[in-house]
$ cat final_11.cif   # mmCIF, C-alpha atoms
data_protein
#
loop_
_atom_site.group_PDB
_atom_site.id
_atom_site.type_symbol
_atom_site.label_atom_id
_atom_site.label_comp_id
_atom_site.auth_asym_id
_atom_site.auth_seq_id
_atom_site.Cartn_x
_atom_site.Cartn_y
_atom_site.Cartn_z
ATOM 1 C CA MET A 88 58.183 -12.850 76.322
ATOM 2 C CA THR A 89 57.570 -9.975 78.724
ATOM 3 C CA VAL A 90 54.240 -8.406 79.643
ATOM 4 C CA VAL A 91 54.839 -4.755 80.527
ATOM 5 C CA VAL A 92 52.138 -3.101 82.643
ATOM 6 C CA LEU A 93 52.221 0.700 82.635
ATOM 7 C CA ALA A 94 50.018 1.933 85.485
ATOM 8 C CA LEU A 95 49.343 5.472 84.252
ATOM 9 C CA ASP A 96 47.520 7.071 87.150
ATOM 10 C CA ALA A 97 44.581 9.292 86.088
ATOM 11 C CA LEU A 98 44.904 8.551 82.361
ATOM 12 C CA ASP A 99 41.388 9.675 81.445
ATOM 13 C CA ALA A 100 39.511 7.888 78.649
ATOM 14 C CA GLY A 101 37.672 11.086 77.737
ATOM 15 C CA LEU A 102 40.822 13.196 77.668
ATOM 16 C CA VAL A 103 42.602 10.580 75.540
ATOM 17 C CA ASP A 104 39.957 11.361 72.904
ATOM 18 C CA HIS A 105 39.920 15.077 73.650
ATOM 19 C CA PHE A 106 43.676 15.349 73.096
ATOM 20 C CA ASP A 107 43.562 12.744 70.299
ATOM 21 C CA LEU A 108 46.357 10.783 71.979
ATOM 22 C CA ASP A 109 47.021 8.010 69.485
ATOM 23 C CA ALA A 110 50.135 6.935 71.395
ATOM 24 C CA VAL A 111 48.025 5.142 74.031
ATOM 25 C CA ARG A 112 45.447 3.786 71.597
ATOM 26 C CA LEU A 113 47.032 0.414 71.084
ATOM 27 C CA GLU A 114 45.589 -2.678 69.386
ATOM 28 C CA SER A 115 42.549 -2.890 71.663
ATOM 29 C CA GLY A 116 41.052 -1.075 74.613
ATOM 30 C CA GLY A 117 38.947 1.833 75.850
ATOM 31 C CA GLU A 118 37.165 2.931 79.021
ATOM 32 C CA ILE A 119 37.114 0.285 81.751
ATOM 33 C CA GLU A 120 35.267 -0.294 85.017
ATOM 34 C CA THR A 121 36.821 0.976 88.242
ATOM 35 C CA PHE A 122 35.458 1.397 91.775
ATOM 36 C CA ALA A 123 35.284 3.630 94.837
ATOM 37 C CA ASN A 124 35.483 2.291 98.370
ATOM 38 C CA THR A 125 36.362 4.679 101.184
ATOM 39 C CA GLN A 126 35.994 7.789 99.003
ATOM 40 C CA ALA A 127 33.196 8.982 96.748
ATOM 41 C CA VAL A 128 35.514 8.494 93.763
ATOM 42 C CA PRO A 129 38.344 6.000 93.059
ATOM 43 C CA TYR A 130 41.316 6.373 95.424
ATOM 44 C CA THR A 131 44.825 5.588 94.174
ATOM 45 C CA PRO A 132 46.267 3.091 96.738
ATOM 46 C CA GLU A 133 43.029 1.104 96.996
ATOM 47 C CA VAL A 134 42.591 0.676 93.247
ATOM 48 C CA TRP A 135 46.210 -0.144 92.400
ATOM 49 C CA ALA A 136 46.365 -2.806 95.108
ATOM 50 C CA THR A 137 43.229 -4.329 93.578
ATOM 51 C CA VAL A 138 44.751 -4.199 90.074
ATOM 52 C CA ALA A 139 47.821 -6.126 91.284
ATOM 53 C CA THR A 140 45.987 -8.681 93.448
ATOM 54 C CA GLY A 141 42.564 -8.967 91.816
ATOM 55 C CA LEU A 142 41.060 -8.628 95.311
ATOM 56 C CA GLU A 143 38.568 -6.273 96.915
ATOM 57 C CA PRO A 144 40.076 -3.673 99.293
ATOM 58 C CA ALA A 145 38.626 -5.495 102.282
ATOM 59 C CA GLU A 146 40.633 -8.559 101.220
ATOM 60 C CA HIS A 147 43.969 -6.946 100.360
ATOM 61 C CA GLY A 148 43.809 -4.492 103.285
ATOM 62 C CA ILE A 149 44.938 -1.331 101.481
ATOM 63 C CA THR A 150 41.890 0.689 102.411
ATOM 64 C CA GLY A 151 41.007 3.403 104.900
ATOM 65 C CA GLY A 152 43.784 3.642 107.463
ATOM 66 C CA GLY A 153 45.624 0.805 105.731
ATOM 67 C CA THR A 154 46.632 3.095 102.873
ATOM 68 C CA SER A 155 49.220 4.742 105.149
ATOM 69 C CA GLU A 156 51.544 3.277 107.758
ATOM 70 C CA TRP A 157 53.465 5.237 110.411
ATOM 71 C CA ALA A 158 56.462 4.129 112.453
ATOM 72 C CA ASN A 159 54.889 5.824 115.477
ATOM 73 C CA PRO A 160 52.133 3.520 116.913
ATOM 74 C CA ALA A 161 50.001 6.464 118.035
ATOM 75 C CA LEU A 162 50.109 8.043 114.586
ATOM 76 C CA ASP A 163 49.386 4.676 112.989
ATOM 77 C CA LEU A 164 46.262 4.343 115.149
ATOM 78 C CA ALA A 165 45.191 7.879 114.216
ATOM 79 C CA SER A 166 45.534 7.030 110.516
ATOM 80 C CA VAL A 167 42.897 4.328 110.982
ATOM 81 C CA VAL A 168 40.497 6.929 112.376
ATOM 82 C CA THR A 169 41.140 9.349 109.481
ATOM 83 C CA GLY A 170 41.029 6.620 106.837
ATOM 84 C CA ARG A 171 37.637 7.629 105.455
ATOM 85 C CA LEU A 172 38.411 11.308 105.101
ATOM 86 C CA ASP A 173 38.771 12.646 101.574
ATOM 87 C CA GLU A 174 42.190 12.651 99.935
ATOM 88 C CA SER A 175 42.709 16.410 100.296
ATOM 89 C CA THR A 176 41.913 16.421 104.015
ATOM 90 C CA ARG A 177 44.113 13.378 104.662
ATOM 91 C CA GLY A 178 46.934 15.068 102.768
ATOM 92 C CA THR A 179 46.595 18.261 104.813
ATOM 93 C CA LEU A 180 46.592 16.365 108.111
ATOM 94 C CA GLY A 181 49.553 14.244 107.034
ATOM 95 C CA LYS A 182 51.533 17.331 106.086
ATOM 96 C CA LEU A 183 50.758 18.912 109.474
ATOM 97 C CA VAL A 184 51.928 15.805 111.334
ATOM 98 C CA ARG A 185 55.142 15.620 109.280
ATOM 99 C CA SER A 186 55.953 19.260 109.956
ATOM 100 C CA ARG A 187 55.277 18.944 113.709
ATOM 101 C CA THR A 188 56.863 15.552 114.372
ATOM 102 C CA GLY A 189 59.426 15.018 111.611
ATOM 103 C CA THR A 190 57.828 11.601 111.019
ATOM 104 C CA ARG A 191 56.911 10.476 107.507
ATOM 105 C CA GLU A 192 54.190 7.957 106.725
ATOM 106 C CA ARG A 193 54.669 5.350 104.021
ATOM 107 C CA ILE A 194 52.182 3.874 101.598
ATOM 108 C CA GLY A 195 50.804 0.669 103.104
ATOM 109 C CA GLU A 196 51.736 -2.610 101.410
ATOM 110 C CA THR A 197 49.502 -5.670 101.213
ATOM 111 C CA ASP A 198 50.695 -9.084 102.356
ATOM 112 C CA ARG A 199 48.409 -10.817 99.847
ATOM 113 C CA GLU A 200 49.781 -12.441 96.717
ATOM 114 C CA SER A 201 49.905 -10.276 93.585
ATOM 115 C CA MET A 202 50.803 -10.798 89.937
ATOM 116 C CA PHE A 203 54.293 -9.591 90.796
ATOM 117 C CA ASP A 204 54.925 -12.658 92.962
ATOM 118 C CA ALA A 205 55.133 -14.816 89.838
ATOM 119 C CA ASP A 206 58.458 -16.298 88.775
ATOM 120 C CA ASP A 207 60.662 -13.738 87.039
ATOM 121 C CA ALA A 208 58.125 -10.940 87.652
ATOM 122 C CA VAL A 209 59.413 -7.523 88.725
ATOM 123 C CA VAL A 210 57.733 -4.344 89.946
ATOM 124 C CA HIS A 211 58.761 -0.752 90.592
ATOM 125 C CA ASN A 212 56.771 1.848 92.528
ATOM 126 C CA TRP A 213 53.339 0.204 92.764
ATOM 127 C CA PRO A 214 51.075 1.732 95.467
ATOM 128 C CA GLY A 215 49.836 -0.835 97.939
ATOM 129 C CA VAL A 216 52.297 -3.472 96.725
ATOM 130 C CA HIS A 217 55.846 -2.163 96.422
ATOM 131 C CA ASP A 218 57.803 0.981 97.402
ATOM 132 C CA GLY A 219 55.406 3.922 97.423
ATOM 133 C CA ARG A 220 58.148 6.530 97.842
ATOM 134 C CA PRO A 221 57.998 7.789 94.223
ATOM 135 C CA LEU A 222 54.247 8.280 94.661
ATOM 136 C CA GLN A 223 54.920 10.272 97.807
ATOM 137 C CA ARG A 224 57.420 12.368 95.836
ATOM 138 C CA ALA A 225 54.698 13.161 93.284
ATOM 139 C CA TRP A 226 52.313 14.076 96.110
ATOM 140 C CA ASP A 227 55.000 16.341 97.572
ATOM 141 C CA LEU A 228 55.292 18.114 94.218
ATOM 142 C CA MET A 229 51.535 18.706 94.180
ATOM 143 C CA ASN A 230 51.771 20.243 97.659
ATOM 144 C CA ALA A 231 54.689 22.387 96.508
ATOM 145 C CA VAL A 232 52.631 23.695 93.577
ATOM 146 C CA ALA A 233 49.862 24.665 96.010
ATOM 147 C CA GLU A 234 52.497 26.606 97.956
ATOM 148 C CA GLY A 235 53.758 28.474 94.897
ATOM 149 C CA MET A 236 56.360 26.257 93.197
ATOM 150 C CA PRO A 237 57.052 27.751 89.741
ATOM 151 C CA ARG A 238 55.737 25.833 86.750
ATOM 152 C CA HIS A 239 59.191 25.171 85.287
ATOM 153 C CA GLU A 240 60.399 23.584 88.533
ATOM 154 C CA PHE A 241 57.252 21.480 88.892
ATOM 155 C CA GLU A 242 57.505 20.142 85.346
ATOM 156 C CA ARG A 243 61.244 19.541 85.574
ATOM 157 C CA GLU A 244 60.817 17.429 88.707
ATOM 158 C CA LEU A 245 57.612 15.710 87.569
ATOM 159 C CA PHE A 246 58.846 14.687 84.124
ATOM 160 C CA GLY A 247 62.258 13.790 85.487
ATOM 161 C CA LEU A 248 60.557 11.301 87.808
ATOM 162 C CA CYS A 249 58.388 10.114 84.916
ATOM 163 C CA ALA A 250 61.464 9.517 82.732
ATOM 164 C CA GLN A 251 63.046 7.357 85.438
ATOM 165 C CA GLN A 252 59.938 5.179 85.663
ATOM 166 C CA PHE A 253 59.542 4.715 81.916
ATOM 167 C CA GLY A 254 63.284 4.126 81.613
ATOM 168 C CA TRP A 255 63.061 1.317 84.151
ATOM 169 C CA ALA A 256 60.240 -0.336 82.171
ATOM 170 C CA ARG A 257 62.173 -0.062 78.917
ATOM 171 C CA GLU A 258 65.279 -1.591 80.521
ATOM 172 C CA MET A 259 63.307 -4.583 81.814
ATOM 173 C CA LEU A 260 62.612 -5.560 78.204
ATOM 174 C CA ALA A 261 66.331 -6.337 77.853
ATOM 175 C CA HIS A 262 66.213 -8.909 80.664
ATOM 176 C CA PRO A 263 64.568 -12.327 81.232
ATOM 177 C CA VAL A 264 61.409 -10.985 82.856
ATOM 178 C CA SER A 265 57.887 -12.410 82.605
ATOM 179 C CA ILE A 266 55.950 -9.434 84.024
ATOM 180 C CA ALA A 267 57.251 -5.882 84.545
ATOM 181 C CA GLY A 268 54.933 -3.382 86.234
ATOM 182 C CA VAL A 269 55.518 0.284 87.062
ATOM 183 C CA HIS A 270 53.241 3.004 88.398
ATOM 184 C CA VAL A 271 53.555 6.526 86.924
ATOM 185 C CA HIS A 272 51.774 9.389 88.712
ATOM 186 C CA THR A 273 52.560 12.098 86.157
ATOM 187 C CA LEU A 274 49.085 12.605 84.694
ATOM 188 C CA ASP A 275 47.429 12.632 88.108
ATOM 189 C CA ALA A 276 49.780 15.343 89.385
ATOM 190 C CA ALA A 277 49.495 17.319 86.139
ATOM 191 C CA GLY A 278 45.720 16.887 86.152
ATOM 192 C CA HIS A 279 45.390 18.341 89.635
ATOM 193 C CA ALA A 280 47.701 21.237 88.725
ATOM 194 C CA TYR A 281 46.336 21.959 85.234
ATOM 195 C CA ALA A 282 42.654 21.020 85.379
ATOM 196 C CA ASP A 283 41.792 24.522 84.158
ATOM 197 C CA ASP A 284 44.720 24.856 81.726
ATOM 198 C CA GLU A 285 43.977 22.904 78.554
ATOM 199 C CA ALA A 286 47.273 23.700 76.834
ATOM 200 C CA ALA A 287 49.432 22.673 79.811
ATOM 201 C CA LEU A 288 47.555 19.428 80.455
ATOM 202 C CA GLY A 289 47.620 18.669 76.739
ATOM 203 C CA ARG A 290 51.405 18.986 76.769
ATOM 204 C CA ALA A 291 51.588 16.582 79.723
ATOM 205 C CA TYR A 292 49.464 14.030 77.860
ATOM 206 C CA ALA A 293 51.623 14.422 74.768
ATOM 207 C CA ARG A 294 54.857 13.946 76.741
ATOM 208 C CA VAL A 295 53.570 10.801 78.429
ATOM 209 C CA GLY A 296 52.465 9.600 75.008
ATOM 210 C CA GLU A 297 56.033 10.006 73.733
ATOM 211 C CA PHE A 298 57.300 7.833 76.584
ATOM 212 C CA VAL A 299 54.695 5.177 75.744
ATOM 213 C CA GLU A 300 55.802 5.210 72.108
ATOM 214 C CA GLU A 301 59.376 4.503 73.231
ATOM 215 C CA ILE A 302 58.181 1.419 75.124
ATOM 216 C CA VAL A 303 56.176 0.218 72.119
ATOM 217 C CA ALA A 304 59.228 0.634 69.891
ATOM 218 C CA ALA A 305 61.323 -1.441 72.313
ATOM 219 C CA LEU A 306 58.874 -4.379 72.474
ATOM 220 C CA GLY A 307 60.066 -7.688 71.081
ATOM 221 C CA GLU A 308 57.977 -9.745 68.701
ATOM 222 C CA ASP A 309 56.433 -11.779 71.531
ATOM 223 C CA ASP A 310 56.167 -9.007 74.127
ATOM 224 C CA ASP A 311 52.893 -7.375 75.190
ATOM 225 C CA LEU A 312 52.162 -3.941 76.622
ATOM 226 C CA LEU A 313 49.180 -3.042 78.803
ATOM 227 C CA VAL A 314 48.466 0.600 79.601
ATOM 228 C CA VAL A 315 45.929 0.982 82.405
ATOM 229 C CA SER A 316 44.621 3.685 84.746
ATOM 230 C CA ASP A 317 42.765 3.672 88.046
ATOM 231 C CA HIS A 318 40.537 6.674 87.312
ATOM 232 C CA GLY A 319 40.453 9.823 85.211
ATOM 233 C CA MET A 320 40.519 13.517 86.054
ATOM 234 C CA ARG A 321 37.769 16.100 85.626
ATOM 235 C CA ALA A 322 38.825 19.209 83.715
ATOM 236 C CA ALA A 323 37.241 22.656 83.484
ATOM 237 C CA PHE A 324 37.669 22.746 79.698
ATOM 238 C CA TYR A 325 36.209 19.279 78.993
ATOM 239 C CA PRO A 326 32.486 19.700 78.085
ATOM 240 C CA PRO A 327 31.181 16.498 79.785
ATOM 241 C CA ASP A 328 32.619 17.786 83.090
ATOM 242 C CA ALA A 329 30.530 20.971 83.072
ATOM 243 C CA GLY A 330 29.113 21.497 86.546
ATOM 244 C CA GLU A 331 31.614 19.105 88.137
ATOM 245 C CA LYS A 332 34.519 20.084 90.366
ATOM 246 C CA PRO A 333 37.683 20.410 88.239
ATOM 247 C CA ALA A 334 40.758 18.479 89.416
ATOM 248 C CA SER A 335 38.620 15.800 91.055
ATOM 249 C CA HIS A 336 38.875 12.151 90.067
ATOM 250 C CA SER A 337 36.550 10.999 87.305
ATOM 251 C CA TRP A 338 35.224 7.492 86.656
ATOM 252 C CA ARG A 339 36.767 7.395 83.163
ATOM 253 C CA ALA A 340 39.493 4.793 83.795
ATOM 254 C CA TYR A 341 41.231 3.554 80.648
ATOM 255 C CA ALA A 342 43.055 0.483 79.404
ATOM 256 C CA SER A 343 44.711 -0.374 76.119
ATOM 257 C CA SER A 344 46.940 -3.232 75.012
ATOM 258 C CA THR A 345 49.052 -4.441 72.110
ATOM 259 C CA ALA A 346 47.121 -7.735 72.230
ATOM 260 C CA ASP A 347 43.770 -8.412 70.574
ATOM 261 C CA THR A 348 41.988 -8.268 73.950
ATOM 262 C CA CYS A 349 42.062 -5.927 76.926
ATOM 263 C CA PRO A 350 40.739 -6.076 80.513
ATOM 264 C CA ASP A 351 37.199 -4.762 80.957
ATOM 265 C CA SER A 352 37.696 -3.882 84.616
ATOM 266 C CA VAL A 353 40.454 -3.094 87.101
ATOM 267 C CA TYR A 354 39.470 -6.374 88.768
ATOM 268 C CA ASP A 355 40.383 -8.304 85.601
ATOM 269 C CA VAL A 356 43.903 -6.971 85.067
ATOM 270 C CA ARG A 357 45.772 -9.566 87.119
ATOM 271 C CA GLN A 358 44.122 -12.507 85.363
ATOM 272 C CA TRP A 359 44.657 -10.894 81.944
ATOM 273 C CA VAL A 360 48.354 -10.335 82.614
ATOM 274 C CA GLU A 361 48.980 -13.763 84.119
ATOM 275 C CA GLU A 362 47.274 -15.539 81.228
ATOM 276 C CA ARG A 363 49.720 -13.889 78.841
ATOM 277 C CA ALA A 364 52.740 -14.418 81.053
ATOM 278 C CA VAL A 365 52.111 -18.069 81.942
ATOM 279 C CA ASP A 366 53.601 -19.352 78.691
ATOM 280 C CA SER A 367 56.473 -16.912 78.821
ATOM 281 C CA ASP A 368 59.896 -18.408 78.163
ATOM 282 C CA THR A 369 62.126 -15.821 79.772
ATOM 283 C CA GLY A 370 65.267 -17.833 79.340
ATOM 284 C CA ALA A 371 65.932 -17.577 83.062
ATOM 285 C CA THR A 372 65.922 -21.321 83.725
ATOM 286 C CA GLY A 373 69.085 -23.184 84.639
ATOM 287 C CA PRO A 374 71.908 -22.177 86.954
ATOM 288 C CA ASP A 375 73.313 -18.662 86.838
ATOM 289 C CA GLU A 376 77.002 -18.013 86.655
ATOM 290 C CA ASP A 377 78.434 -16.774 89.921
ATOM 291 C CA ILE A 378 79.965 -13.308 90.021
ATOM 292 C CA ASP A 379 83.569 -13.324 91.117
ATOM 293 C CA MET A 380 83.399 -10.284 93.382
ATOM 294 C CA PRO A 381 86.741 -9.008 94.790
ATOM 295 C CA THR A 382 85.339 -8.937 98.308
ATOM 296 C CA GLU A 383 88.626 -8.328 100.108
ATOM 297 C CA ARG A 384 89.359 -5.216 98.063
ATOM 298 C CA LEU A 385 85.814 -3.947 98.559
ATOM 299 C CA ARG A 386 86.187 -4.533 102.301
ATOM 300 C CA GLU A 387 89.410 -2.521 102.297
ATOM 301 C CA LEU A 388 87.620 0.323 100.557
ATOM 302 C CA GLY A 389 84.874 0.264 103.191
ATOM 303 C CA TYR A 390 82.056 -0.974 100.959
ATOM 304 C CA LEU A 391 81.693 -4.234 102.904
ATOM 305 C CA ASP A 392 81.779 -4.923 106.644
#

$ encode --input "final_11.cif" --output "structure tokens"
Amino acid sequence: MTVVVLALDALDAGLVDHFDLDAVRLESGGEIETFANTQAVPYTPEVWATVATGLEPAEHGITGGGTSEWANPALDLASVVTGRLDESTRGTLGKLVRSRTGTRERIGETDRESMFDADDAVVHNWPGVHDGRPLQRAWDLMNAVAEGMPRHEFERELFGLCAQQFGWAREMLAHPVSIAGVHVHTLDAAGHAYADDEAALGRAYARVGEFVEEIVAALGEDDDLLVVSDHGMRAAFYPPDAGEKPASHSWRAYASSTADTCPDSVYDVRQWVEERAVDSDTGATGPDEDIDMPTERLRELGYLD
């Protein structure tokens, strides 16, 4: 049995209904509780680290300046000072520093235990926990759109990245894995770009829905799927958002599962996942066969030292 956790950033409970996205309406689920800490609205690295660990930001450390880490000590200290600035301002300052110094920050990673530390658990691109480079790539695409990147290039790159992440999750179902988690930033990036373009954002929701359907079709009889978001996204065309700033994070986080229950809060996700994975028989027990690698030949070819 494998529990697949699809972290669909900015999947908005209201927009799921607005676009009538049946693909993410699984056996149970709906709008769930989320939180804001350093920002006025939920902030991606803080919330996803909490989802994985079950801990408050103050406990897991991915908050304020801890959401970014720089190789340069002076820049790392400065990031602590700017940690409570809004996401847009932090992004602008980070871009300025990168252009002036050639140094790139990385998404901070907690040293606290998460659900992905369990036996046979695997994770790909999870902000605050594991390898935030794909998230940074999505952020780069959002900056490129602001600088005039054509729509066809933006969507080609964004959905290409999305396909890689969903493809990884689907492949994990073919292996002895207890928990497989992946973060997908597609709807957040599309929401910021298309908050005033109902047709374009609707197409993004539909495409992500198609990817979810592929995962559902690949599930084994004993597998479970959890779709969860950290926040939603306000849209100019969505009536409840009238008077609000479009393309800003909403509180309409969403979760849905193939099981008969679903987490009520982002704080509950880890426990929910682990309870379903604890009885998992992944078939990974016992000694593995060694791989007879032709090391001498690989050394001759320069692949090995």

$ atom_distance --input "final_11.cif" --atom1 "atom CA of Pro132 of chain A" --atom2 "atom CA of Gly330 of chain A"
27.1 Å

$ residues_around --input "final_11.cif" --residues "Phe241 of chain A" --least-positions-apart "3" --cutoff "9 Å" --atoms "all atoms listed in the file" --output "VMD selection string"
chain A and resid 228 to 229 231 to 232 236 to 238 244 to 246

$ resolve_selection --input "final_11.cif" --expression "the PyMOL selection byres ((chain A and resi 278-293) around 10)" --output "NGL selection string"
:A and (97-99 or 102-103 or 105-111 or 228-230 or 232-233 or 238 or 241-242 or 245-246 or 272-277 or 294-299 or 319-325 or 332-336)

$ atom_distance --input "final_11.cif" --atom1 "atom CA of Asp96 of chain A" --atom2 "atom CA of Glu240 of chain A"
21.0 Å

$ residues_around --input "final_11.cif" --residues "Glu118 of chain A" --least-positions-apart "6" --cutoff "9 Å" --atoms "all atoms listed in the file" --output "list in words"
Asp99, Ala100, Gly101, Arg339, Ala340, Tyr341, Ala342, Ser343, Asp351 and Ser352 of chain A

$ write_last_selection --input "final_11.cif" --atoms "C-alpha atoms" --output "compact mmCIF listing (two decimals), keeping the file's coordinate frame"
# COMPACT_ATOMS: atom_id res chain seq x y z
CA ASP A 99 41.39 9.68 81.44
CA ALA A 100 39.51 7.89 78.65
CA GLY A 101 37.67 11.09 77.74
CA ARG A 339 36.77 7.40 83.16
CA ALA A 340 39.49 4.79 83.80
CA TYR A 341 41.23 3.55 80.65
CA ALA A 342 43.06 0.48 79.40
CA SER A 343 44.71 -0.37 76.12
CA ASP A 351 37.20 -4.76 80.96
CA SER A 352 37.70 -3.88 84.62

$ residues_around --input "final_11.cif" --residues "segment 259-265 of chain A" --least-positions-apart "6" --cutoff "12 Å" --atoms "only C-alpha atoms" --output "PDB file with C-alpha atoms, keeping the file's coordinate frame"
ATOM      1  CA  MET A  88      58.183 -12.850  76.322  1.00  0.00           C
ATOM      2  CA  THR A  89      57.570  -9.975  78.724  1.00  0.00           C
ATOM      3  CA  VAL A  90      54.240  -8.406  79.643  1.00  0.00           C
ATOM      4  CA  VAL A  91      54.839  -4.755  80.527  1.00  0.00           C
ATOM      5  CA  VAL A  92      52.138  -3.101  82.643  1.00  0.00           C
ATOM      6  CA  MET A 202      50.803 -10.798  89.937  1.00  0.00           C
ATOM      7  CA  PHE A 203      54.293  -9.591  90.796  1.00  0.00           C
ATOM      8  CA  ASP A 204      54.925 -12.658  92.962  1.00  0.00           C
ATOM      9  CA  ALA A 205      55.133 -14.816  89.838  1.00  0.00           C
ATOM     10  CA  ASP A 206      58.458 -16.298  88.775  1.00  0.00           C
ATOM     11  CA  ASP A 207      60.662 -13.738  87.039  1.00  0.00           C
ATOM     12  CA  ALA A 208      58.125 -10.940  87.652  1.00  0.00           C
ATOM     13  CA  VAL A 209      59.413  -7.523  88.725  1.00  0.00           C
ATOM     14  CA  VAL A 210      57.733  -4.344  89.946  1.00  0.00           C
ATOM     15  CA  HIS A 211      58.761  -0.752  90.592  1.00  0.00           C
ATOM     16  CA  GLN A 252      59.938   5.179  85.663  1.00  0.00           C
ATOM     17  CA  PHE A 253      59.542   4.715  81.916  1.00  0.00           C
ATOM     18  CA  GLU A 301      59.376   4.503  73.231  1.00  0.00           C
ATOM     19  CA  ILE A 302      58.181   1.419  75.124  1.00  0.00           C
ATOM     20  CA  VAL A 303      56.176   0.218  72.119  1.00  0.00           C
ATOM     21  CA  ALA A 304      59.228   0.634  69.891  1.00  0.00           C
ATOM     22  CA  ALA A 305      61.323  -1.441  72.313  1.00  0.00           C
ATOM     23  CA  LEU A 306      58.874  -4.379  72.474  1.00  0.00           C
ATOM     24  CA  GLY A 307      60.066  -7.688  71.081  1.00  0.00           C
ATOM     25  CA  GLU A 308      57.977  -9.745  68.701  1.00  0.00           C
ATOM     26  CA  ASP A 309      56.433 -11.779  71.531  1.00  0.00           C
ATOM     27  CA  ASP A 310      56.167  -9.007  74.127  1.00  0.00           C
ATOM     28  CA  ASP A 311      52.893  -7.375  75.190  1.00  0.00           C
ATOM     29  CA  LEU A 312      52.162  -3.941  76.622  1.00  0.00           C
ATOM     30  CA  VAL A 360      48.354 -10.335  82.614  1.00  0.00           C
ATOM     31  CA  GLU A 361      48.980 -13.763  84.119  1.00  0.00           C
ATOM     32  CA  GLU A 362      47.274 -15.539  81.228  1.00  0.00           C
ATOM     33  CA  ARG A 363      49.720 -13.889  78.841  1.00  0.00           C
ATOM     34  CA  ALA A 364      52.740 -14.418  81.053  1.00  0.00           C
ATOM     35  CA  VAL A 365      52.111 -18.069  81.942  1.00  0.00           C
ATOM     36  CA  ASP A 366      53.601 -19.352  78.691  1.00  0.00           C
ATOM     37  CA  SER A 367      56.473 -16.912  78.821  1.00  0.00           C
ATOM     38  CA  ASP A 368      59.896 -18.408  78.163  1.00  0.00           C
ATOM     39  CA  THR A 369      62.126 -15.821  79.772  1.00  0.00           C
ATOM     40  CA  GLY A 370      65.267 -17.833  79.340  1.00  0.00           C
ATOM     41  CA  ALA A 371      65.932 -17.577  83.062  1.00  0.00           C
ATOM     42  CA  THR A 372      65.922 -21.321  83.725  1.00  0.00           C
TER      43      THR A 372
END

$ atom_distance --input "final_11.cif" --atom1 "atom CA of Gly116 of chain A" --atom2 "atom CA of Asp355 of chain A"
13.2 Å

$ closest_residue --input "final_11.cif" --among "A:Tyr390, A:Pro326, A:Leu93, A:Arg193" --to "Ile266 of chain A" --atoms "all atoms listed in the file"
A:Leu93

$ resolve_selection --input "final_11.cif" --expression "the PyMOL selection byres ((chain A and resi 199) around 8)" --output "list of chain:residue names"
A:Thr140, A:His147, A:Thr197, A:Asp198, A:Glu200, A:Ser201

$ resolve_selection --input "final_11.cif" --expression "the PyMOL selection byres ((chain A and resi 345-347) around 6)" --output "number ranges by chain"
A: 113-115, 311-312, 344, 348

$ closest_residue --input "final_11.cif" --among "A:Ala139, A:Ala123, A:Leu388, A:Val216" --to "Ser337 of chain A" --atoms "only C-alpha atoms"
A:Ala123

$ closest_residue --input "final_11.cif" --among "A:Leu313, A:Ile194, A:Asp392, A:Asp377" --to "Cys349 of chain A" --atoms "all atoms listed in the file"
A:Leu313

$ closest_residue --input "final_11.cif" --among "A:Arg386, A:His270, A:Arg112, A:His318" --to "Ala225 of chain A" --atoms "all atoms listed in the file"
A:His270

$ residues_near_point --input "final_11.cif" --point "(45.5, -4.7, 103.6)" --cutoff "10 Å" --atoms "all atoms listed in the file" --output "list in words"
Glu133, Ala136, Glu143, Pro144, Ala145, Glu146, His147, Gly148, Ile149, Thr150, Gly151, Gly152, Gly153, Thr154, Gly195, Glu196, Thr197, Asp198, Arg199, Gly215 and Val216 of chain A
